[in-house]
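Below is the file run11.txt, which contains compact mmCIF, C-alpha atoms and all ligand atoms.
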# COMPACT_ATOMS: atom_id res chain seq x y z
CA MET A 1414 65.03 -46.98 193.79
CA LYS A 1415 61.61 -46.90 192.18
CA ALA A 1416 61.49 -46.25 188.45
CA SER A 1417 58.67 -46.20 185.95
CA VAL A 1418 59.99 -48.34 183.12
CA TRP A 1419 58.49 -47.89 179.66
CA LEU A 1420 57.80 -51.30 178.09
CA GLY A 1421 56.56 -50.15 174.69
CA GLU A 1422 53.35 -48.50 173.43
CA ASN A 1423 51.56 -47.05 176.47
CA LYS A 1424 52.80 -49.68 178.92
CA PHE A 1425 54.74 -48.54 181.99
CA GLU A 1426 55.68 -50.59 185.04
CA ILE A 1427 56.97 -49.46 188.42
CA GLN A 1428 60.12 -51.47 189.07
CA GLU A 1429 62.51 -51.55 191.98
CA ILE A 1430 65.97 -51.17 190.43
CA ASN A 1431 69.47 -50.48 191.75
CA ILE A 1432 70.64 -46.89 191.81
CA PRO A 1433 73.23 -46.71 189.03
CA LYS A 1434 76.88 -46.49 190.17
CA LEU A 1435 78.56 -43.08 190.01
CA ALA A 1436 81.50 -42.61 187.64
CA ASP A 1437 84.30 -40.19 188.65
CA GLU A 1438 82.78 -37.10 187.02
CA GLN A 1439 79.12 -37.81 187.64
CA VAL A 1440 76.55 -36.64 190.14
CA LEU A 1441 73.46 -38.37 191.47
CA VAL A 1442 70.29 -36.25 191.56
CA LYS A 1443 67.18 -36.96 193.59
CA VAL A 1444 64.46 -36.05 191.11
CA GLU A 1445 61.96 -33.50 192.48
CA LYS A 1446 59.88 -32.57 189.41
CA VAL A 1447 59.87 -33.89 185.87
CA GLY A 1448 57.76 -32.43 183.07
CA LEU A 1449 55.82 -34.48 180.53
CA CYS A 1450 56.81 -33.52 177.01
CA GLY A 1451 55.12 -33.97 173.63
CA THR A 1452 58.10 -36.16 172.75
CA ASP A 1453 57.21 -38.59 175.59
CA VAL A 1454 53.69 -38.82 174.16
CA HIS A 1455 55.03 -39.36 170.64
CA ILE A 1456 57.33 -42.13 171.88
CA THR A 1457 54.37 -44.03 173.38
CA GLN A 1458 52.48 -43.54 170.10
CA GLY A 1459 55.39 -44.83 168.00
CA LEU A 1460 55.81 -41.42 166.34
CA TYR A 1461 59.26 -40.74 167.76
CA PRO A 1462 61.97 -43.41 167.57
CA SER A 1463 62.88 -45.05 170.89
CA SER A 1464 63.31 -48.65 172.00
CA PRO A 1465 61.93 -50.21 175.20
CA PRO A 1466 62.58 -51.12 177.94
CA LYS A 1467 63.63 -47.64 178.95
CA ILE A 1468 63.19 -44.98 181.64
CA LEU A 1469 61.90 -41.85 179.89
CA GLY A 1470 61.70 -38.28 181.24
CA HIS A 1471 64.10 -35.53 180.20
CA GLU A 1472 62.73 -32.23 181.61
CA PHE A 1473 63.64 -32.25 185.27
CA SER A 1474 65.02 -30.72 188.42
CA GLY A 1475 66.18 -32.03 191.77
CA VAL A 1476 68.88 -32.04 194.44
CA ILE A 1477 72.40 -33.46 194.17
CA VAL A 1478 72.71 -36.22 196.77
CA ASP A 1479 76.03 -37.83 195.83
CA VAL A 1480 79.08 -37.06 193.66
CA GLY A 1481 81.80 -39.04 191.90
CA SER A 1482 85.42 -39.06 193.13
CA LYS A 1483 86.53 -36.14 190.90
CA ILE A 1484 83.68 -33.82 191.88
CA LEU A 1485 83.83 -31.48 194.87
CA LYS A 1486 81.73 -32.69 197.80
CA ASP A 1487 80.41 -29.09 198.03
CA ARG A 1488 77.99 -29.92 195.25
CA ILE A 1489 76.01 -32.22 197.54
CA GLY A 1490 72.78 -30.45 198.49
CA GLN A 1491 72.72 -28.13 195.46
CA ARG A 1492 69.30 -27.52 193.88
CA VAL A 1493 69.74 -28.13 190.18
CA THR A 1494 68.05 -28.31 186.79
CA CYS A 1495 69.31 -31.12 184.61
CA ASN A 1496 70.43 -31.09 181.01
CA THR A 1497 69.81 -34.33 179.12
CA THR A 1498 73.22 -34.26 177.45
CA SER A 1499 76.68 -33.02 178.34
CA SER A 1500 79.11 -31.49 175.86
CA CYS A 1501 82.86 -31.64 175.24
CA GLY A 1502 83.30 -28.19 173.70
CA ASN A 1503 85.88 -29.53 171.23
CA CYS A 1504 84.14 -31.70 168.64
CA ILE A 1505 83.05 -30.50 165.21
CA ASN A 1506 79.43 -30.12 166.35
CA CYS A 1507 80.33 -28.19 169.51
CA LEU A 1508 82.58 -25.88 167.51
CA ASN A 1509 80.50 -25.44 164.35
CA TRP A 1510 76.93 -26.14 165.37
CA THR A 1511 75.81 -26.13 169.00
CA ILE A 1512 76.92 -27.83 172.19
CA SER A 1513 73.55 -29.57 172.46
CA ARG A 1514 74.63 -31.63 169.40
CA CYS A 1515 77.96 -32.69 170.91
CA LEU A 1516 79.30 -35.90 169.37
CA ASN A 1517 80.86 -36.97 172.69
CA SER A 1518 77.88 -36.21 174.87
CA GLU A 1519 76.92 -38.28 177.86
CA LYS A 1520 73.19 -38.70 178.45
CA SER A 1521 71.51 -38.36 181.84
CA THR A 1522 69.53 -41.42 182.89
CA GLY A 1523 65.74 -41.12 182.59
CA ALA A 1524 63.93 -38.98 185.16
CA PHE A 1525 60.70 -40.93 185.60
CA ALA A 1526 62.53 -42.44 188.57
CA GLU A 1527 63.49 -41.43 192.09
CA PHE A 1528 67.10 -40.71 191.06
CA SER A 1529 68.98 -39.78 187.91
CA LEU A 1530 72.68 -40.01 187.15
CA MET A 1531 74.46 -37.52 184.91
CA HIS A 1532 77.75 -35.82 184.09
CA SER A 1533 78.40 -33.14 186.70
CA SER A 1534 78.34 -30.39 184.03
CA SER A 1535 74.75 -31.34 183.16
CA ALA A 1536 73.46 -30.41 186.62
CA ILE A 1537 73.08 -26.63 186.71
CA GLU A 1538 72.48 -24.86 190.01
CA ILE A 1539 69.24 -22.86 190.00
CA PRO A 1540 68.53 -19.43 191.54
CA LYS A 1541 67.68 -19.53 195.27
CA LYS A 1542 64.00 -18.69 194.99
CA MET A 1543 63.26 -20.74 191.88
CA SER A 1544 60.78 -23.58 192.43
CA PHE A 1545 61.52 -27.11 191.22
CA GLU A 1546 58.44 -26.86 188.92
CA VAL A 1547 59.85 -23.86 187.10
CA ALA A 1548 63.35 -25.33 187.07
CA ALA A 1549 61.95 -28.45 185.38
CA MET A 1550 60.84 -26.22 182.49
CA THR A 1551 64.42 -25.21 181.70
CA GLU A 1552 64.74 -27.74 178.86
CA PRO A 1553 61.68 -26.67 176.81
CA ALA A 1554 62.41 -23.02 177.63
CA ALA A 1555 66.01 -23.39 176.42
CA CYS A 1556 64.69 -24.76 173.10
CA CYS A 1557 62.43 -21.72 172.74
CA LEU A 1558 65.17 -19.30 173.77
CA SER A 1559 67.60 -20.85 171.30
CA GLY A 1560 64.95 -20.70 168.52
CA THR A 1561 63.79 -17.14 169.16
CA GLU A 1562 67.40 -15.96 169.29
CA MET A 1563 67.80 -17.11 165.65
CA ILE A 1564 65.36 -14.40 164.55
CA GLU A 1565 66.35 -10.82 163.70
CA TYR A 1566 64.16 -8.22 165.43
CA LYS A 1567 64.57 -4.93 163.65
CA ASP A 1568 62.24 -1.98 163.09
CA LYS A 1569 59.67 -3.03 165.69
CA PRO A 1570 58.35 -6.20 164.07
CA LYS A 1571 54.78 -7.50 164.11
CA ILE A 1572 54.83 -11.14 165.22
CA LEU A 1573 52.40 -14.01 164.72
CA ILE A 1574 52.64 -17.20 166.80
CA ILE A 1575 50.47 -20.15 165.77
CA GLY A 1576 49.91 -22.51 168.70
CA SER A 1577 49.77 -21.60 172.35
CA GLY A 1578 50.80 -24.82 174.05
CA ILE A 1579 53.83 -24.69 176.32
CA MET A 1580 56.27 -24.10 173.41
CA GLY A 1581 54.17 -21.28 171.95
CA ILE A 1582 53.84 -19.65 175.38
CA LEU A 1583 57.56 -19.86 176.11
CA CYS A 1584 58.38 -18.37 172.68
CA GLN A 1585 55.84 -15.64 173.43
CA LEU A 1586 57.57 -14.74 176.71
CA PHE A 1587 60.94 -14.49 175.01
CA VAL A 1588 59.78 -12.39 172.01
CA LEU A 1589 57.89 -10.02 174.34
CA LYS A 1590 61.30 -9.12 175.79
CA LYS A 1591 62.32 -7.75 172.38
CA ASP A 1592 61.46 -4.33 170.99
CA ILE A 1593 58.40 -5.33 168.97
CA ASP A 1594 55.28 -3.62 167.63
CA CYS A 1595 52.77 -6.31 168.54
CA LEU A 1596 52.28 -10.02 169.13
CA VAL A 1597 49.29 -11.99 167.83
CA VAL A 1598 48.64 -15.52 169.05
CA SER A 1599 46.44 -17.92 167.08
CA GLU A 1600 45.04 -20.81 169.15
CA PRO A 1601 41.75 -22.76 169.01
CA ASN A 1602 41.64 -23.69 172.74
CA SER A 1603 40.04 -20.88 174.79
CA PHE A 1604 41.90 -21.77 178.02
CA ARG A 1605 45.21 -21.50 176.21
CA ARG A 1606 44.13 -18.25 174.55
CA SER A 1607 43.35 -16.78 177.97
CA ILE A 1608 46.81 -17.77 179.27
CA ALA A 1609 48.44 -16.18 176.20
CA LYS A 1610 46.45 -13.00 176.78
CA SER A 1611 47.24 -12.89 180.51
CA LEU A 1612 50.94 -13.27 179.71
CA GLY A 1613 51.00 -10.23 177.47
CA ALA A 1614 49.92 -11.16 173.92
CA ASN A 1615 48.43 -8.03 172.29
CA TYR A 1616 45.84 -10.03 170.37
CA VAL A 1617 44.61 -13.60 170.67
CA VAL A 1618 42.62 -15.06 167.78
CA ASP A 1619 40.68 -18.26 167.22
CA PRO A 1620 41.56 -19.86 163.87
CA PHE A 1621 38.00 -21.22 163.64
CA ASP A 1622 36.44 -17.74 163.78
CA ASN A 1623 34.69 -16.71 160.56
CA ASN A 1624 36.64 -13.49 160.24
CA TYR A 1625 40.01 -15.02 161.26
CA HIS A 1626 41.84 -14.14 158.05
CA GLU A 1627 40.39 -10.61 157.91
CA LYS A 1628 41.46 -10.05 161.52
CA LEU A 1629 45.05 -11.07 160.82
CA ASN A 1630 45.04 -8.97 157.69
CA GLU A 1631 43.80 -5.97 159.62
CA ILE A 1632 46.35 -6.34 162.43
CA SER A 1633 49.20 -6.69 159.94
CA GLU A 1634 47.87 -3.66 158.04
CA GLY A 1635 47.46 -5.59 154.82
CA ILE A 1636 51.24 -5.93 154.50
CA GLY A 1637 51.79 -9.13 156.45
CA PHE A 1638 53.73 -10.07 159.57
CA ASP A 1639 57.48 -9.58 159.93
CA ILE A 1640 57.91 -12.74 161.97
CA PHE A 1641 55.93 -15.96 162.25
CA ILE A 1642 56.55 -18.80 164.73
CA GLU A 1643 54.96 -22.21 164.20
CA ALA A 1644 54.65 -23.91 167.60
CA VAL A 1645 52.41 -26.87 166.79
CA GLY A 1646 54.24 -29.10 164.32
CA LYS A 1647 51.66 -29.25 161.52
CA PRO A 1648 52.90 -28.62 157.98
CA GLU A 1649 49.62 -26.95 156.96
CA LEU A 1650 50.01 -24.43 159.78
CA LEU A 1651 53.58 -23.70 158.76
CA ASN A 1652 52.29 -23.13 155.27
CA GLU A 1653 49.50 -20.87 156.49
CA GLY A 1654 51.82 -18.75 158.62
CA ILE A 1655 54.32 -18.34 155.79
CA SER A 1656 51.50 -17.05 153.58
CA LYS A 1657 50.87 -14.32 156.21
CA LEU A 1658 54.44 -12.98 156.02
CA ARG A 1659 55.41 -9.70 154.40
CA PRO A 1660 58.32 -9.64 151.94
CA ARG A 1661 61.59 -10.56 153.69
CA GLY A 1662 59.58 -12.04 156.56
CA GLN A 1663 61.06 -14.73 158.80
CA ALA A 1664 59.40 -18.00 159.77
CA LEU A 1665 60.64 -20.06 162.73
CA MET A 1666 59.84 -23.76 163.09
CA ILE A 1667 59.64 -24.66 166.81
CA GLY A 1668 56.94 -27.33 166.43
CA VAL A 1669 58.23 -30.85 165.70
CA HIS A 1670 56.98 -31.89 162.26
CA PRO A 1671 56.38 -35.55 161.43
CA ARG A 1672 59.12 -37.35 159.54
CA GLU A 1673 58.89 -37.02 155.76
CA SER A 1674 56.24 -34.29 155.94
CA LYS A 1675 56.45 -31.79 153.07
CA LEU A 1676 56.07 -28.05 152.86
CA ASN A 1677 53.29 -27.22 150.43
CA SER A 1678 54.18 -23.55 149.92
CA ASP A 1679 54.23 -21.54 146.72
CA LEU A 1680 57.95 -21.52 145.96
CA HIS A 1681 57.58 -18.64 143.53
CA ASP A 1682 56.21 -16.64 146.45
CA PHE A 1683 59.11 -17.77 148.62
CA HIS A 1684 61.61 -16.63 146.04
CA PHE A 1685 59.81 -13.46 145.06
CA LYS A 1686 59.11 -12.32 148.64
CA GLU A 1687 62.57 -13.40 149.86
CA ILE A 1688 61.17 -15.36 152.79
CA LYS A 1689 63.55 -16.77 155.38
CA LEU A 1690 62.66 -20.15 156.93
CA LEU A 1691 64.47 -21.09 160.16
CA GLY A 1692 64.49 -24.63 161.55
CA ALA A 1693 64.91 -24.71 165.33
CA PHE A 1694 65.48 -27.88 167.29
CA GLY A 1695 66.92 -28.25 170.73
CA ARG A 1696 68.65 -26.20 173.36
CA GLY A 1697 71.46 -24.82 171.23
CA ASN A 1698 74.01 -23.16 173.51
CA TYR A 1699 71.37 -21.79 175.88
CA PHE A 1700 70.60 -24.38 178.56
CA ASN A 1701 72.88 -22.95 181.26
CA LYS A 1702 71.63 -19.39 180.77
CA THR A 1703 67.95 -20.31 180.79
CA PRO A 1704 67.13 -20.68 184.54
CA GLU A 1705 68.07 -17.04 185.17
CA LYS A 1706 66.03 -15.87 182.16
CA ILE A 1707 62.83 -17.70 183.10
CA ASN A 1708 63.02 -16.89 186.81
CA GLU A 1709 61.04 -13.66 186.28
CA PHE A 1710 58.34 -15.18 184.06
CA ASN A 1711 55.95 -16.56 186.69
CA LEU A 1712 55.86 -19.97 185.04
CA GLU A 1713 54.28 -21.67 188.08
CA LYS A 1714 50.85 -20.95 186.66
CA LEU A 1715 51.66 -23.01 183.58
CA VAL A 1716 51.72 -26.23 185.61
CA THR A 1717 48.22 -27.67 185.25
CA LYS A 1718 48.69 -30.73 187.48
CA THR A 1719 51.40 -32.78 189.20
CA TYR A 1720 51.08 -36.58 189.31
CA LYS A 1721 52.76 -39.35 191.27
CA LEU A 1722 55.14 -41.74 189.55
CA GLU A 1723 52.47 -44.46 189.60
CA GLU A 1724 50.12 -42.17 187.65
CA ILE A 1725 52.30 -41.80 184.59
CA ASN A 1726 49.61 -43.05 182.20
CA GLU A 1727 47.17 -40.37 183.37
CA ALA A 1728 49.91 -37.77 182.99
CA ILE A 1729 50.65 -38.93 179.43
CA GLU A 1730 46.96 -38.96 178.53
CA SER A 1731 46.47 -35.44 179.87
CA THR A 1732 49.47 -34.23 177.88
CA ALA A 1733 48.22 -35.98 174.72
CA LYS A 1734 44.83 -34.27 174.99
CA GLY A 1735 46.46 -30.89 174.50
CA GLU A 1736 44.11 -29.14 176.89
CA GLY A 1737 45.96 -27.87 179.96
CA MET A 1738 49.45 -26.48 179.74
CA LYS A 1739 52.20 -28.46 181.49
CA TYR A 1740 51.85 -31.70 183.42
CA MET A 1741 54.50 -32.91 185.83
CA ILE A 1742 55.47 -35.91 187.88
CA ALA A 1743 56.99 -35.80 191.37
CA PRO A 1744 58.80 -39.19 191.53
CA ASN A 1745 59.62 -38.94 195.23
CA GLU A 1746 56.14 -38.00 196.44
CA ARG A 1747 53.95 -40.79 197.77
ZN ZN B 1 61.01 -32.09 175.98
ZN ZN B 2 81.39 -31.89 171.59

Can you give me the file's structure in the form of structure tokens?
Amino acid sequence: MKASVWLGENKFEIQEINIPKLADEQVLVKVEKVGLCGTDVHITQGLYPSSPPKILGHEFSGVIVDVGSKILKDRIGQRVTCNTTSSCGNCINCLNWTISRCLNSEKSTGAFAEFSLMHSSSAIEIPKKMSFEVAAMTEPAACCLSGTEMIEYKDKPKILIIGSGIMGILCQLFVLKKDIDCLVVSEPNSFRRSIAKSLGANYVVDPFDNNYHEKLNEISEGIGFDIFIEAVGKPELLNEGISKLRPRGQALMIGVHPRESKLNSDLHDFHFKEIKLLGAFGRGNYFNKTPEKINEFNLEKLVTKTYKLEEINEAIESTAKGEGMKYMIAPNER
């Protein structure tokens, strides 16, 4: 099969490699669509630990084309979305944390390739009418669902989301399902602001506007927001959002912050206002439930462009620019 092998920094090479051999409980998936993720960009920039040579790609969908000896042949032909890890359900992390942190997990092979091999339980059948594009967004959506489910939504909260990239948008769609007073999205890119608005944000604001702070103050009636979600991964934005919270407000960290970054917040304020800060990383226990939840969201319009496997560098560059929304690769399209 053809695979795009990452050789370090921004070097990728198309290589012809053998399709990995199926173990008893595994399935082989022909990859239809795989999303580019900020993490892939960070890996090529040396900002996220990973060692080459390696096949990257962890947000994907496809069709089961072969199964191991212990898996029912009926699974062949199923349209699936693929989880990057499996879980045992019995280890201390599965029992006390989440199944996405399983200590005995088996990883799927990278999806920037024509085929990927994984534990059968990692390949989740998708609803009949769901496109492979939308199914490939299950992984980021599961992270946002898991994060937004950590928040308490009582007394019709006012919500502020900073950042309207794919993670901000997915969080937006999930919080709009709750009984809330209003949602404000802060985003400097006008294209992204227009997407946020078209998907139901009550207000969209540009952080570079002169009256930005007054606007937020007005919307939150001088009291502050009940809930704030940081969906960028910049400590100064986390800090800013926390300063916009009312007493007993909740802040959710969806954005991935750089290693060793520090929170420069007034701790007296934190203590005095009884602020709750929630870290949120990964799919939690939500991956399998996510396809059904996102099926109604019309996520097709979030896919800005689909590239061929050979065009991976362009796809990474587009993602790094932070302009469109989601970029994908179709490894089996020529
Ligand atoms: Zn990802
Ligand atoms: Zn486990």

Original post:
Given a cut-off of 6 Å, what residues near ligand ZN 2 (chain B) show up using all atoms listed in the file, put as JSON, numbers by chain?
Top reply: {"A": [1500, 1501, 1502, 1503, 1504, 1506, 1507, 1515, 1516, 1517]}

Could the residues in this selection be written to a file with C-alpha atoms, as a compact mmCIF listing (two decimals), in the coordinates of the input?
# COMPACT_ATOMS: atom_id res chain seq x y z
CA SER A 1500 79.11 -31.49 175.86
CA CYS A 1501 82.86 -31.64 175.24
CA GLY A 1502 83.30 -28.19 173.70
CA ASN A 1503 85.88 -29.53 171.23
CA CYS A 1504 84.14 -31.70 168.64
CA ASN A 1506 79.43 -30.12 166.35
CA CYS A 1507 80.33 -28.19 169.51
CA CYS A 1515 77.96 -32.69 170.91
CA LEU A 1516 79.30 -35.90 169.37
CA ASN A 1517 80.86 -36.97 172.69

Original post:
Using only C-alpha atoms, which residue out of A:Lys1467, A:Lys1486, A:Lys1718, A:Lys1446 lies closest to Ile1427 of chain A?
Top reply: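 Between A:Lys1467, A:Lys1486, A:Lys1718, A:Lys1446, the residue approaching Ile1427 of chain A most closely is A:Lys1467.
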
Within 9 Å of ligand ZN 1 (chain B), which residues of chain A come that close, and what is the closest atom pair and distance in Å for each? Count only C-alpha atoms and all ligand atoms and give it as a Markdown table.
| residue | atom | partner | partner_atom | distance |
| --- | --- | --- | --- | --- |
| A:Gly1448 | CA | B:ZN1 | ZN | 7.8 |
| A:Leu1449 | CA | B:ZN1 | ZN | 7.3 |
| A:Cys1450 | CA | B:ZN1 | ZN | 4.6 |
| A:Gly1451 | CA | B:ZN1 | ZN | 6.6 |
| A:Thr1452 | CA | B:ZN1 | ZN | 6.0 |
| A:Asp1453 | CA | B:ZN1 | ZN | 7.5 |
| A:Gly1470 | CA | B:ZN1 | ZN | 8.2 |
| A:His1471 | CA | B:ZN1 | ZN | 6.3 |
| A:Glu1472 | CA | B:ZN1 | ZN | 5.9 |
| A:Met1550 | CA | B:ZN1 | ZN | 8.8 |
| A:Glu1552 | CA | B:ZN1 | ZN | 6.4 |
| A:Pro1553 | CA | B:ZN1 | ZN | 5.5 |
| A:Cys1556 | CA | B:ZN1 | ZN | 8.7 |
| A:Gly1695 | CA | B:ZN1 | ZN | 8.8 |

Original post:
Rounded to one decimal in Å, what is the spacing between atom CA of Val1476 of chain A and atom CA of Pro1704 of chain A?
Top reply: 15.2 Å

**OP:** Find the residue from A:Leu1658, A:Ala1555, A:Ile1574, A:Leu1469 that sits nearest to Tyr1699 of chain A; use all atoms listed in the file when measuring.
**Re:**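 Ranking A:Leu1658, A:Ala1555, A:Ile1574, A:Leu1469 by distance to Tyr1699 of chain A, first place goes to A:Ala1555.
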
**OP:** Give as a list in words every residue, naming chains and numbers as the document does, that has an atom within 9 Å of (72.1, -34.7, 193.6), counting all atoms listed in the file.
**Re:**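 It turns out the residues near that spot are Val1440, Leu1441, Val1442, Lys1443, Val1444, Gly1475, Val1476, Ile1477, Val1478, Asp1479, Val1480, Arg1488, Ile1489, Gly1490, Gln1491, Arg1492, Val1493, Phe1528, Ser1529, Leu1530 and Ala1536 of chain A.
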
Write the residues you've just listed into a file as a compact mmCIF listing (two decimals), in the coordinates of the input, and include C-alpha atoms for each of them.
# COMPACT_ATOMS: atom_id res chain seq x y z
CA VAL A 1440 76.55 -36.64 190.14
CA LEU A 1441 73.46 -38.37 191.47
CA VAL A 1442 70.29 -36.25 191.56
CA LYS A 1443 67.18 -36.96 193.59
CA VAL A 1444 64.46 -36.05 191.11
CA GLY A 1475 66.18 -32.03 191.77
CA VAL A 1476 68.88 -32.04 194.44
CA ILE A 1477 72.40 -33.46 194.17
CA VAL A 1478 72.71 -36.22 196.77
CA ASP A 1479 76.03 -37.83 195.83
CA VAL A 1480 79.08 -37.06 193.66
CA ARG A 1488 77.99 -29.92 195.25
CA ILE A 1489 76.01 -32.22 197.54
CA GLY A 1490 72.78 -30.45 198.49
CA GLN A 1491 72.72 -28.13 195.46
CA ARG A 1492 69.30 -27.52 193.88
CA VAL A 1493 69.74 -28.13 190.18
CA PHE A 1528 67.10 -40.71 191.06
CA SER A 1529 68.98 -39.78 187.91
CA LEU A 1530 72.68 -40.01 187.15
CA ALA A 1536 73.46 -30.41 186.62

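All residues that come within 8 Å of the coordinates (61.8, -18.0, 158.5), counting only C-alpha atoms, are given as Ile1564, Ile1640, Phe1641, Ile1655, Gly1662, Gln1663, Ala1664, Leu1665, Met1666, Ile1688, Lys1689, Leu1690, Leu1691 and Gly1692 of chain A.
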
Take the residues from that selection and put them in a file with C-alpha atoms, as an mmCIF file, keeping the file's coordinate frame.
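Generated file (result_24.cif):
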data_model
loop_
_atom_site.group_PDB
_atom_site.id
_atom_site.type_symbol
_atom_site.label_atom_id
_atom_site.label_comp_id
_atom_site.auth_asym_id
_atom_site.auth_seq_id
_atom_site.Cartn_x
_atom_site.Cartn_y
_atom_site.Cartn_z
ATOM 1 C CA ILE A 1564 65.360 -14.400 164.550
ATOM 2 C CA ILE A 1640 57.910 -12.740 161.970
ATOM 3 C CA PHE A 1641 55.930 -15.960 162.250
ATOM 4 C CA ILE A 1655 54.320 -18.340 155.790
ATOM 5 C CA GLY A 1662 59.580 -12.040 156.560
ATOM 6 C CA GLN A 1663 61.060 -14.730 158.800
ATOM 7 C CA ALA A 1664 59.400 -18.000 159.770
ATOM 8 C CA LEU A 1665 60.640 -20.060 162.730
ATOM 9 C CA MET A 1666 59.840 -23.760 163.090
ATOM 10 C CA ILE A 1688 61.170 -15.360 152.790
ATOM 11 C CA LYS A 1689 63.550 -16.770 155.380
ATOM 12 C CA LEU A 1690 62.660 -20.150 156.930
ATOM 13 C CA LEU A 1691 64.470 -21.090 160.160
ATOM 14 C CA GLY A 1692 64.490 -24.630 161.550
#

Subject >> Nearest candidate to Leu1558 of chain A (options A:Ile1667, A:Ile1539, A:Leu1715, A:Val1597; using only C-alpha atoms) >> reply: A:Ile1667

**OP:** Check the smallest atom-to-atom distance from each of A:Thr1511, A:Ser1533, A:Thr1551, A:Ser1577 to Gly1735 of chain A using all atoms listed in the file, then report the winner.
**Re:**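 Result for the nearest residue to Gly1735 of chain A: A:Ser1577.
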
**OP:** Excluding Leu1460 of chain A and residues on its chain fewer than 6 positions from it, collect all residues at most 9 Å away from it, counting all atoms listed in the file, and give them as a list of chain:residue names.
**Re:**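 Near Leu1460 of chain A, the qualifying residues are A:Thr1452, A:Val1454, A:Pro1671, A:Arg1672.
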